[in-house]
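S.K.: Below you will find the structure I want to go over with you.
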Amino acid sequence: MANERSKSGIFKGRGATVSPDPRYLSTQREAVVDDLPEEDLEENPRTRWNVDTSRNVLTFNQSPDVGFDRSVNPYRGCEHGCVYCFARPTHAYLDLSPGLDFETRLFYKPDAVQQLRAALSKRGYTPAPIALGINTDAYQPGERRWKITRALVEALVELRHPFSIVTKSALIERDLDLLGTAAQHNLVSVAFSITSLDSELARRLEPRAAAPARRLQALKTLSDAGIPTMVMIAPVIPALTDHELETILARAKEAGARDAGYVLLRLPLEVEPLFRQWLQDHEPNKLDHVLNRVMEMRGGKMYKAAFHDRMRGEGVFADLLSKRFALAKRRLGFEGLPQLDCSRFQPPSSSTQLSLW
């Protein structure tokens, strides 16, 4: 039911505390909790999976703000439930809510490997690193069941195609064998996204992601295995997590990270009211401080989508954050990630040859 809330206002194990209607619906619905029978309120919404029938798994972009021009997302929606996730508004294209639907109504691509092979076998294809699991986490809990990410990694390693991964999950350790082989050929790098080292805060911000300490452990496991790793402090939430910047960098460097980056909190479209409600429910005493600081770093608005500024913000506080990051990164001696090798790519063999020839 759209806009439904539990009696407490907080759903156990979920990030969003409301489920607004998708913005493309011709009608909007609003439920009044007091008028609903108690049994109609689902205290712990269950996760439901459906097949994603989209025909292209490899997508391209021309954004100057990201370090890749192509990506593969094996899943739509994300069970990690990060309340701040910039990808939440994409669920509206499916006529589903960017709130609870985004983390409970999920889609998987069973033919993702076949689609990827078809895309890489096209005449004129030029290899460049593929970012795996950028919109939503490729190693979210459903990957244990569907194993689509592992199949994609197997194909990329077989074809000697370079790729990178960003994740909040320790499940990536399962694929250490494949990632190790890819690293031997300089084909892979892995970034672990860490928002806060405060396990209680992280549990409320990103309820089904691995705990921060577990992510650092996974980062160390991969680093010790020779896989190039980095930490992404994403997002940095002003007046809530920004004070942890230097500590996260230090802990990641200690665990073996070779590089680091950060992204300022982004609140596009439905993410802004969702995050505002989360603050009201979880951090009411900090609500005004956090939102006012966000506006100061976004030119007086809650969000500005302009290239170059949308990832880092603007103004005095944004400049200070940038300087703090650069100083800490330099002091800790991050060496940087190696450039991935595109010269080893072996295109898939064509399957279009006539069987009688």
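Ordering of the structure tokens sets the chain letters (A, B, ...); residue numbers start at 1 within each chain; ligands are numbered from 1 in the order shown.
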Please report, as an MDAnalysis selection string, each residue of range 37-253 of chain A to which DSSP assigns strand (DSSP E or B) when run on this structure's backbone.
M.R.: chainID A and resid 48:51 58:60 70:72 75:76 105:108 130:132 163:167 188:193 229:236
S.K.: Write the residues of the preceding selection, restricted to C-alpha atoms, as a PDB file, in the first residue's frame.
M.R.:
ATOM      1  CA  ARG A  48       9.826 -10.208  -3.456  1.00  0.00           C
ATOM      2  CA  TRP A  49      11.789 -10.972  -6.615  1.00  0.00           C
ATOM      3  CA  ASN A  50      10.716 -10.668 -10.253  1.00  0.00           C
ATOM      4  CA  VAL A  51      12.443 -11.144 -13.591  1.00  0.00           C
ATOM      5  CA  LEU A  58      25.472  -3.049 -20.870  1.00  0.00           C
ATOM      6  CA  THR A  59      24.682   0.660 -20.588  1.00  0.00           C
ATOM      7  CA  PHE A  60      26.805   3.653 -21.552  1.00  0.00           C
ATOM      8  CA  ARG A  70      29.891   1.806 -19.296  1.00  0.00           C
ATOM      9  CA  SER A  71      28.304  -0.305 -16.586  1.00  0.00           C
ATOM     10  CA  VAL A  72      26.394  -3.513 -15.888  1.00  0.00           C
ATOM     11  CA  TYR A  75      19.752  -6.213 -10.242  1.00  0.00           C
ATOM     12  CA  ARG A  76      17.138  -3.439 -10.021  1.00  0.00           C
ATOM     13  CA  ARG A 105      10.286  -5.274  -4.830  1.00  0.00           C
ATOM     14  CA  LEU A 106      13.470  -6.382  -6.584  1.00  0.00           C
ATOM     15  CA  PHE A 107      14.319  -7.555 -10.096  1.00  0.00           C
ATOM     16  CA  TYR A 108      17.033  -9.879 -11.390  1.00  0.00           C
ATOM     17  CA  ILE A 130      33.077  -2.021 -17.137  1.00  0.00           C
ATOM     18  CA  ALA A 131      31.733  -0.819 -13.787  1.00  0.00           C
ATOM     19  CA  LEU A 132      29.829  -3.709 -12.235  1.00  0.00           C
ATOM     20  CA  PHE A 163      36.108  -4.344 -14.844  1.00  0.00           C
ATOM     21  CA  SER A 164      35.660  -2.601 -11.523  1.00  0.00           C
ATOM     22  CA  ILE A 165      33.279  -3.246  -8.628  1.00  0.00           C
ATOM     23  CA  VAL A 166      31.803  -1.028  -5.913  1.00  0.00           C
ATOM     24  CA  THR A 167      30.125  -2.823  -3.022  1.00  0.00           C
ATOM     25  CA  VAL A 188      40.037  -5.686 -11.861  1.00  0.00           C
ATOM     26  CA  SER A 189      39.800  -3.201  -9.002  1.00  0.00           C
ATOM     27  CA  VAL A 190      37.335  -3.240  -6.102  1.00  0.00           C
ATOM     28  CA  ALA A 191      35.995  -0.303  -4.099  1.00  0.00           C
ATOM     29  CA  PHE A 192      34.299  -0.708  -0.734  1.00  0.00           C
ATOM     30  CA  SER A 193      31.744   1.968   0.103  1.00  0.00           C
ATOM     31  CA  THR A 229      41.203  -2.073  -3.555  1.00  0.00           C
ATOM     32  CA  MET A 230      40.049   1.388  -2.586  1.00  0.00           C
ATOM     33  CA  VAL A 231      37.593   2.984  -0.189  1.00  0.00           C
ATOM     34  CA  MET A 232      34.715   5.221  -1.233  1.00  0.00           C
ATOM     35  CA  ILE A 233      33.366   7.373   1.583  1.00  0.00           C
ATOM     36  CA  ALA A 234      29.918   7.584   0.106  1.00  0.00           C
ATOM     37  CA  PRO A 235      27.980   9.479   0.941  1.00  0.00           C
ATOM     38  CA  VAL A 236      29.510  12.009   3.283  1.00  0.00           C
TER      39      VAL A 236
END
S.K.: When distances are computed from only C-alpha atoms, which of A:Gly67, A:Pro45, A:Pro127, A:Gly315 shows the smallest separation from Thr104 in chain A?
M.R.: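 Smallest separation from Thr104 in chain A among the options: A:Pro45.
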S.K.: Select, from A:Glu296, A:Asp177, A:Asp111, A:Glu158, the residue with the minimum atom-to-atom distance to Trp146 in chain A, counting only C-alpha atoms.
M.R.: A:Asp111
S.K.: Using only C-alpha atoms, which residues sit within 9 Å of Ala182 in chain A once same-chain residues fewer than 3 positions away are excluded, as a PyMOL selection string?
M.R.: chain A and resi 156-157+160-163+177-179+185-188+227
S.K.: Selection from above, N, CA and C atoms, as a PDB file, in the first residue's frame, can you write it?
M.R.:
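This is the output file out.pdb:
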ATOM      1  N   LEU A 156      33.638 -12.174 -17.717  1.00  0.00           N
ATOM      2  CA  LEU A 156      34.618 -11.103 -17.910  1.00  0.00           C
ATOM      3  C   LEU A 156      36.044 -11.626 -17.769  1.00  0.00           C
ATOM      4  N   VAL A 157      36.262 -12.528 -16.822  1.00  0.00           N
ATOM      5  CA  VAL A 157      37.596 -13.118 -16.653  1.00  0.00           C
ATOM      6  C   VAL A 157      37.943 -13.983 -17.857  1.00  0.00           C
ATOM      7  N   ARG A 160      38.856 -11.866 -20.682  1.00  0.00           N
ATOM      8  CA  ARG A 160      39.951 -10.941 -20.345  1.00  0.00           C
ATOM      9  C   ARG A 160      39.517  -9.479 -20.528  1.00  0.00           C
ATOM     10  N   HIS A 161      38.310  -9.193 -20.057  1.00  0.00           N
ATOM     11  CA  HIS A 161      37.781  -7.830 -20.157  1.00  0.00           C
ATOM     12  C   HIS A 161      37.939  -7.135 -18.807  1.00  0.00           C
ATOM     13  N   PRO A 162      38.512  -5.933 -18.764  1.00  0.00           N
ATOM     14  CA  PRO A 162      38.707  -5.235 -17.485  1.00  0.00           C
ATOM     15  C   PRO A 162      37.382  -4.783 -16.874  1.00  0.00           C
ATOM     16  N   PHE A 163      37.317  -4.772 -15.542  1.00  0.00           N
ATOM     17  CA  PHE A 163      36.108  -4.344 -14.844  1.00  0.00           C
ATOM     18  C   PHE A 163      36.445  -3.864 -13.442  1.00  0.00           C
ATOM     19  N   ASP A 177      38.431 -16.395  -5.859  1.00  0.00           N
ATOM     20  CA  ASP A 177      39.157 -17.160  -6.871  1.00  0.00           C
ATOM     21  C   ASP A 177      39.154 -16.448  -8.214  1.00  0.00           C
ATOM     22  N   LEU A 178      37.980 -15.986  -8.636  1.00  0.00           N
ATOM     23  CA  LEU A 178      37.873 -15.298  -9.926  1.00  0.00           C
ATOM     24  C   LEU A 178      38.562 -13.937  -9.894  1.00  0.00           C
ATOM     25  N   LEU A 179      38.368 -13.203  -8.814  1.00  0.00           N
ATOM     26  CA  LEU A 179      38.974 -11.873  -8.703  1.00  0.00           C
ATOM     27  C   LEU A 179      40.497 -11.974  -8.636  1.00  0.00           C
ATOM     28  N   HIS A 185      46.036 -10.592 -14.129  1.00  0.00           N
ATOM     29  CA  HIS A 185      46.103 -10.046 -15.495  1.00  0.00           C
ATOM     30  C   HIS A 185      45.801  -8.550 -15.521  1.00  0.00           C
ATOM     31  N   ASN A 186      45.766  -7.925 -14.345  1.00  0.00           N
ATOM     32  CA  ASN A 186      45.507  -6.484 -14.224  1.00  0.00           C
ATOM     33  C   ASN A 186      44.185  -6.108 -14.869  1.00  0.00           C
ATOM     34  N   LEU A 187      43.137  -6.850 -14.480  1.00  0.00           N
ATOM     35  CA  LEU A 187      41.824  -6.662 -15.084  1.00  0.00           C
ATOM     36  C   LEU A 187      40.775  -6.154 -14.110  1.00  0.00           C
ATOM     37  N   VAL A 188      41.093  -5.997 -12.820  1.00  0.00           N
ATOM     38  CA  VAL A 188      40.037  -5.686 -11.861  1.00  0.00           C
ATOM     39  C   VAL A 188      40.520  -4.763 -10.752  1.00  0.00           C
ATOM     40  N   ILE A 227      44.460  -8.175  -4.807  1.00  0.00           N
ATOM     41  CA  ILE A 227      43.447  -7.489  -5.601  1.00  0.00           C
ATOM     42  C   ILE A 227      43.477  -6.007  -5.262  1.00  0.00           C
TER      43      ILE A 227
END
S.K.: Out of range 36-166 of chain A, which residues get helix (DSSP H, G or I) from DSSP, as a PyMOL selection string?
M.R.: chain A and resi 38-40+88-94+100-104+112-120+143-146+148-158
S.K.: Measure the distance from CA of Thr149 in chain A to CA of Glu103 in chain A in Å and round it to one decimal.
M.R.: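 Computing it gives 18.3 Å between the two atoms.
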